[in-house]
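Data from final.cif: mmCIF, C-alpha atoms
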```cif
data_my_file
#
loop_
_atom_site.label_atom_id
_atom_site.label_comp_id
_atom_site.auth_asym_id
_atom_site.auth_seq_id
_atom_site.Cartn_x
_atom_site.Cartn_y
_atom_site.Cartn_z
CA MET A 4 167.82 84.00 105.90
CA ILE A 5 166.63 86.18 103.02
CA ARG A 6 164.26 88.91 104.02
CA ARG A 7 161.26 89.24 101.74
CA HIS A 8 160.04 92.68 100.74
CA ARG A 9 156.71 93.11 99.06
CA HIS A 10 156.45 95.50 96.17
CA PRO A 11 154.64 98.74 97.25
CA LEU A 12 151.88 98.08 94.70
CA PHE A 13 151.13 94.83 96.54
CA TYR A 14 149.84 96.89 99.44
CA VAL A 15 147.73 99.04 97.15
CA GLY A 16 146.10 95.90 95.78
CA LEU A 17 145.71 94.43 99.25
CA VAL A 18 144.07 97.40 100.88
CA THR A 19 141.77 98.12 97.96
CA THR A 20 140.53 94.53 97.84
CA VAL A 21 140.05 94.50 101.61
CA VAL A 22 138.16 97.78 101.34
CA ALA A 23 135.96 96.19 98.68
CA THR A 24 135.12 93.40 101.13
CA LEU A 25 134.42 95.81 103.95
CA LEU A 26 132.13 97.91 101.78
CA SER A 27 130.42 95.07 99.94
CA ALA A 28 127.19 95.50 101.91
CA ARG A 29 127.13 99.28 101.50
CA PRO A 30 125.77 101.31 98.58
CA ALA A 31 128.45 101.91 95.95
CA ARG A 32 129.90 105.38 96.39
CA ALA A 33 132.89 105.22 94.12
CA HIS A 34 133.67 108.34 92.12
CA CYS A 35 133.76 106.93 88.60
CA ASP A 36 130.33 108.48 88.01
CA THR A 37 131.22 111.98 89.23
CA LEU A 38 132.17 114.89 87.01
CA ASP A 39 135.53 115.20 88.74
CA GLY A 40 136.19 111.46 88.83
CA PRO A 41 138.98 109.82 86.81
CA VAL A 42 136.69 108.49 84.05
CA VAL A 43 135.23 111.88 83.17
CA VAL A 44 138.60 113.61 83.59
CA ASP A 45 140.06 111.27 80.97
CA ALA A 46 136.98 111.79 78.78
CA LYS A 47 137.49 115.56 78.84
CA SER A 48 141.11 115.09 77.84
CA ALA A 49 140.16 112.74 75.01
CA LEU A 50 137.54 115.12 73.62
CA ALA A 51 139.91 118.06 73.80
CA SER A 52 142.61 116.21 71.88
CA GLY A 53 140.29 114.36 69.49
CA ASP A 54 141.90 111.06 70.49
CA PRO A 55 139.79 108.42 72.31
CA THR A 56 142.82 106.50 73.58
CA PRO A 57 142.74 107.92 77.15
CA VAL A 58 139.25 106.54 77.81
CA LEU A 59 139.57 103.10 76.26
CA LYS A 60 141.26 101.69 79.35
CA TRP A 61 138.04 102.23 81.29
CA VAL A 62 136.10 99.71 79.18
CA SER A 63 136.62 96.15 78.04
CA ALA A 64 137.80 95.21 74.57
CA ALA A 65 134.28 94.01 73.80
CA ASP A 66 132.85 97.45 74.63
CA GLU A 67 135.54 99.43 72.81
CA PRO A 68 133.64 99.67 69.48
CA GLU A 69 130.64 101.25 71.24
CA ILE A 70 132.84 103.84 72.92
CA ARG A 71 134.74 104.63 69.74
CA ALA A 72 131.46 105.13 67.89
CA ALA A 73 130.07 107.35 70.66
CA PHE A 74 133.30 109.34 70.68
CA ALA A 75 133.12 109.94 66.93
CA LYS A 76 129.50 111.12 67.21
CA ALA A 77 130.37 113.45 70.07
CA LEU A 78 133.24 114.97 68.10
CA ALA A 79 130.98 115.53 65.09
CA VAL A 80 128.33 117.30 67.17
CA ARG A 81 130.82 119.41 69.15
CA GLY A 82 131.64 121.44 66.07
CA ALA A 83 128.11 122.87 65.88
CA GLY A 84 128.65 125.45 68.61
CA ASP A 85 128.99 125.89 72.37
CA ASP A 86 125.54 124.55 73.25
CA ALA A 87 126.00 121.55 71.01
CA ARG A 88 129.42 120.93 72.52
CA GLU A 89 128.00 120.89 76.04
CA VAL A 90 125.25 118.45 75.07
CA ALA A 91 127.66 116.20 73.16
CA ASP A 92 130.18 116.16 75.99
CA THR A 93 127.58 115.30 78.61
CA TRP A 94 126.13 112.56 76.43
CA PHE A 95 129.58 111.05 75.89
CA PHE A 96 130.42 111.23 79.61
CA GLU A 97 127.17 109.44 80.43
CA THR A 98 127.74 106.78 77.77
CA LEU A 99 131.30 106.12 78.89
CA VAL A 100 130.47 105.95 82.58
CA ARG A 101 127.43 103.75 81.95
CA VAL A 102 129.48 101.24 79.95
CA HIS A 103 132.30 101.35 82.49
CA ARG A 104 129.99 100.70 85.41
CA ALA A 105 128.19 97.93 83.55
CA GLY A 106 131.57 96.25 83.14
CA GLU A 107 131.93 96.36 86.93
CA GLY A 108 128.45 94.95 87.41
CA ALA A 109 127.25 98.26 88.87
CA PRO A 110 124.19 100.29 87.89
CA PHE A 111 124.42 103.73 86.34
CA THR A 112 122.14 106.26 88.00
CA GLY A 113 123.41 109.38 86.27
CA LEU A 114 126.43 111.64 86.53
CA LYS A 115 127.03 113.15 89.95
CA PRO A 116 128.24 116.74 90.47
CA ALA A 117 131.90 117.51 91.06
CA GLY A 118 132.67 117.39 94.75
CA THR A 119 130.22 114.56 95.48
CA PRO A 120 131.45 112.78 98.65
CA VAL A 121 133.08 109.39 98.13
CA GLU A 122 134.29 106.71 100.51
CA PRO A 123 137.40 107.86 102.42
CA ALA A 124 139.25 104.75 101.28
CA VAL A 125 138.61 105.63 97.63
CA ARG A 126 139.99 109.11 98.19
CA LEU A 127 143.01 107.74 100.05
CA ALA A 128 143.64 105.14 97.33
CA ASP A 129 143.70 107.82 94.66
CA ARG A 130 146.02 109.95 96.76
CA ALA A 131 148.31 106.98 97.40
CA LEU A 132 148.73 106.38 93.69
CA ALA A 133 149.23 110.09 92.98
CA ASP A 134 151.81 110.50 95.76
CA GLY A 135 153.48 107.11 95.41
CA ASP A 136 152.93 106.46 99.14
CA VAL A 137 150.36 103.97 100.42
CA GLY A 138 151.04 104.56 104.12
CA ASP A 139 147.91 106.57 104.97
CA LEU A 140 145.68 104.09 103.16
CA VAL A 141 147.29 101.11 104.90
CA ASP A 142 146.80 102.81 108.28
CA ALA A 143 143.16 103.65 107.58
CA VAL A 144 142.24 100.19 106.32
CA THR A 145 144.19 98.44 109.07
CA ALA A 146 142.34 100.47 111.69
CA GLU A 147 138.94 99.63 110.19
CA VAL A 148 139.79 95.94 109.89
CA ALA A 149 141.01 95.80 113.49
CA SER A 150 137.89 97.60 114.70
CA GLY A 151 135.60 95.28 112.75
CA LEU A 152 137.29 92.15 114.06
CA ARG A 153 137.35 93.36 117.67
CA GLU A 154 133.69 94.39 117.60
CA ARG A 155 132.51 91.06 116.20
CA PHE A 156 134.81 89.09 118.49
CA ALA A 157 133.51 90.90 121.56
CA LYS A 158 129.89 90.17 120.61
CA ALA A 159 130.56 86.50 119.87
CA SER A 160 132.66 86.06 123.00
CA LEU A 161 130.00 87.62 125.23
CA ARG A 162 127.18 85.52 123.78
CA ARG A 163 129.28 82.36 123.91
CA GLY A 164 129.27 82.61 127.68
CA HIS A 165 125.47 82.44 127.70
CA ALA A 166 124.97 80.00 124.81
CA GLY A 167 123.80 77.26 127.17
CA ASP A 168 121.31 79.37 129.10
CA SER A 169 118.45 78.83 126.65
CA VAL A 170 117.73 77.96 123.04
CA ALA A 171 117.28 81.65 122.28
CA ASP A 172 120.64 82.47 123.85
CA GLY A 173 122.23 79.63 121.90
CA ARG A 174 120.85 80.96 118.64
CA ALA A 175 122.03 84.46 119.48
CA TYR A 176 125.52 83.05 120.00
CA VAL A 177 125.43 81.15 116.71
CA ALA A 178 124.38 84.31 114.85
CA ALA A 179 127.26 86.26 116.40
CA TYR A 180 129.65 83.37 115.78
CA VAL A 181 128.71 83.16 112.10
CA GLU A 182 129.08 86.92 111.65
CA PHE A 183 132.50 86.95 113.33
CA VAL A 184 133.91 83.91 111.54
CA HIS A 185 132.59 84.87 108.11
CA TYR A 186 133.91 88.40 108.47
CA ALA A 187 137.36 87.07 109.33
CA GLU A 188 137.12 84.52 106.51
CA ARG A 189 136.23 87.17 103.91
CA LEU A 190 139.09 89.39 104.99
CA HIS A 191 141.59 86.55 104.92
CA GLU A 192 140.45 85.23 101.53
CA THR A 193 140.39 88.70 100.01
CA ALA A 194 143.87 89.51 101.25
CA GLY A 195 145.20 86.17 100.06
CA ALA A 196 143.65 86.63 96.61
CA SER A 197 145.18 90.06 96.05
CA GLY A 198 147.95 88.50 93.96
CA HIS A 199 151.27 89.96 92.94
CA PRO A 200 152.01 93.04 90.87
CA ASP A 201 153.76 91.17 88.09
CA GLY A 202 151.05 88.55 87.73
CA THR A 203 153.45 85.69 88.36
CA GLY A 204 152.11 84.69 91.75
CA VAL A 205 155.70 84.57 92.96
CA GLU A 206 156.94 86.99 95.57
CA HIS A 207 160.18 88.69 94.62
CA GLU A 208 163.20 88.65 96.89
CA HIS A 209 165.34 91.77 97.15
#
```
Using structure tokens, write down the structure that the file contains.
Amino acid sequence: MIRRHRHPLFYVGLVTTVVATLLSARPARAHCDTLDGPVVVDAKSALASGDPTPVLKWVSAADEPEIRAAFAKALAVRGAGDDAREVADTWFFETLVRVHRAGEGAPFTGLKPAGTPVEPAVRLADRALADGDVGDLVDAVTAEVASGLRERFAKASLRRGHAGDSVADGRAYVAAYVEFVHYAERLHETAGASGHPDGTGVEHEH
């Protein structure tokens, strides 16, 4: 029997998509709109080198012309002095982040200061990619998933035992049942839709 080994990036995709499901009802606290986030870091590099290439990956092909035009304007203004450079840089950061977040279907509410807290899973995902080791992220997400399932199961199981006591008790059970089953369904569908690193949909055998 051939043992199947998943590519390490599979787990990165899995845990990040599961995290997205877990956090779907929470306010977005990703760090793409912070001054020390990856979008602005790449923007600083692009402005310093005069080459917009590092930031183009953060926007769609359809939005690329807008970012190229904003980049050219920022470069032109930067040459007018330190104050002008600061204003131009901030304006370009805001434009880039706004367009990037719009592409994700998220609102832009302004740039956040460096050091702004982000979701632990986001921090762990970045560290996993930087270190080439997804272990801590897998452990953290697995623990949260297990906790979420156990909590909802316990509630549904308890109320199931009293579902026949009254109509109100029956409805309370149904509400807990729906929450438990839909939570499990979302997790399962999200994990199954995470795909494969090479885009083939076929798991490699090693």
(request) Carefully work through the PyMOL selection byres ((chain A and resi 103-114) around 6) for this structure and note down the residues it includes, as a list in words. (result) Asp36, Thr37, Trp61, Val62, Val100, Arg101, Val102 and Lys115 of chain A
(request) Show which residues sit within 8 Å of region 68-75 of chain A, as a ChimeraX atom specification. Count all atoms listed in the file, and ignore same-chain residues fewer than 4 positions away. (result) /A:50,55,59,64,79,95,98-99
(message) Between CA of Phe96 (chain A) and CA of Val43 (chain A), what distance in Å does the model show, to one decimal?
(response) 6.0 Å
List the spatial neighbours of Ala187 (chain A) as a short mmCIF file (atom, residue, chain, number, x, y, z; two decimals) with C-alpha atoms, keeping the file's coordinate frame - criterion: any atom at most 12 Å away, all atoms listed in the file, same-chain residues fewer than 2 positions off excluded.
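out.cif written:
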```cif
data_model
loop_
_atom_site.label_atom_id
_atom_site.label_comp_id
_atom_site.auth_asym_id
_atom_site.auth_seq_id
_atom_site.Cartn_x
_atom_site.Cartn_y
_atom_site.Cartn_z
CA VAL A 21 140.05 94.50 101.61
CA THR A 24 135.12 93.40 101.13
CA LEU A 25 134.42 95.81 103.95
CA VAL A 148 139.79 95.94 109.89
CA ALA A 149 141.01 95.80 113.49
CA SER A 150 137.89 97.60 114.70
CA GLY A 151 135.60 95.28 112.75
CA LEU A 152 137.29 92.15 114.06
CA ARG A 153 137.35 93.36 117.67
CA GLU A 154 133.69 94.39 117.60
CA ARG A 155 132.51 91.06 116.20
CA PHE A 156 134.81 89.09 118.49
CA TYR A 180 129.65 83.37 115.78
CA VAL A 181 128.71 83.16 112.10
CA GLU A 182 129.08 86.92 111.65
CA PHE A 183 132.50 86.95 113.33
CA VAL A 184 133.91 83.91 111.54
CA HIS A 185 132.59 84.87 108.11
CA ARG A 189 136.23 87.17 103.91
CA LEU A 190 139.09 89.39 104.99
CA HIS A 191 141.59 86.55 104.92
CA GLU A 192 140.45 85.23 101.53
CA THR A 193 140.39 88.70 100.01
CA ALA A 194 143.87 89.51 101.25
#
```
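You can rank A:Thr119, A:Pro57, A:Val90, A:Ala65 by their closest distance to Gly40 (chain A) using only C-alpha atoms, and at the top of that list sits A:Thr119.
What separates CA of Asp139 (chain A) from CA of Leu127 (chain A) is a distance of 7.0 Å.
Our summary of the geometry notes that CA of Ala128 (chain A) is positioned 11.6 Å from CA of Asp142 (chain A).
Between Lys76 (chain A) and the residues A:Arg163, A:Lys60, A:Arg130, A:Gly53, the shortest atom-to-atom distance, using all atoms listed in the file, involves A:Gly53.
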(request) Find, counting all atoms listed in the file, the residue in A:Ala124, A:Asp172, A:Leu132, A:Glu97 that gets nearest to Glu147 (chain A). (result) A:Ala124
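Residues with any atom within 12 Å of Ala51 (chain A), counting all atoms listed in the file and excluding same-chain neighbours fewer than 3 positions away, are Val44, Asp45, Ala46, Lys47, Ser48, Asp54, Pro55, Thr56, Pro57, Phe74, Ala77, Leu78, Arg81, Gly82, Arg88 and Asp92 of chain A.
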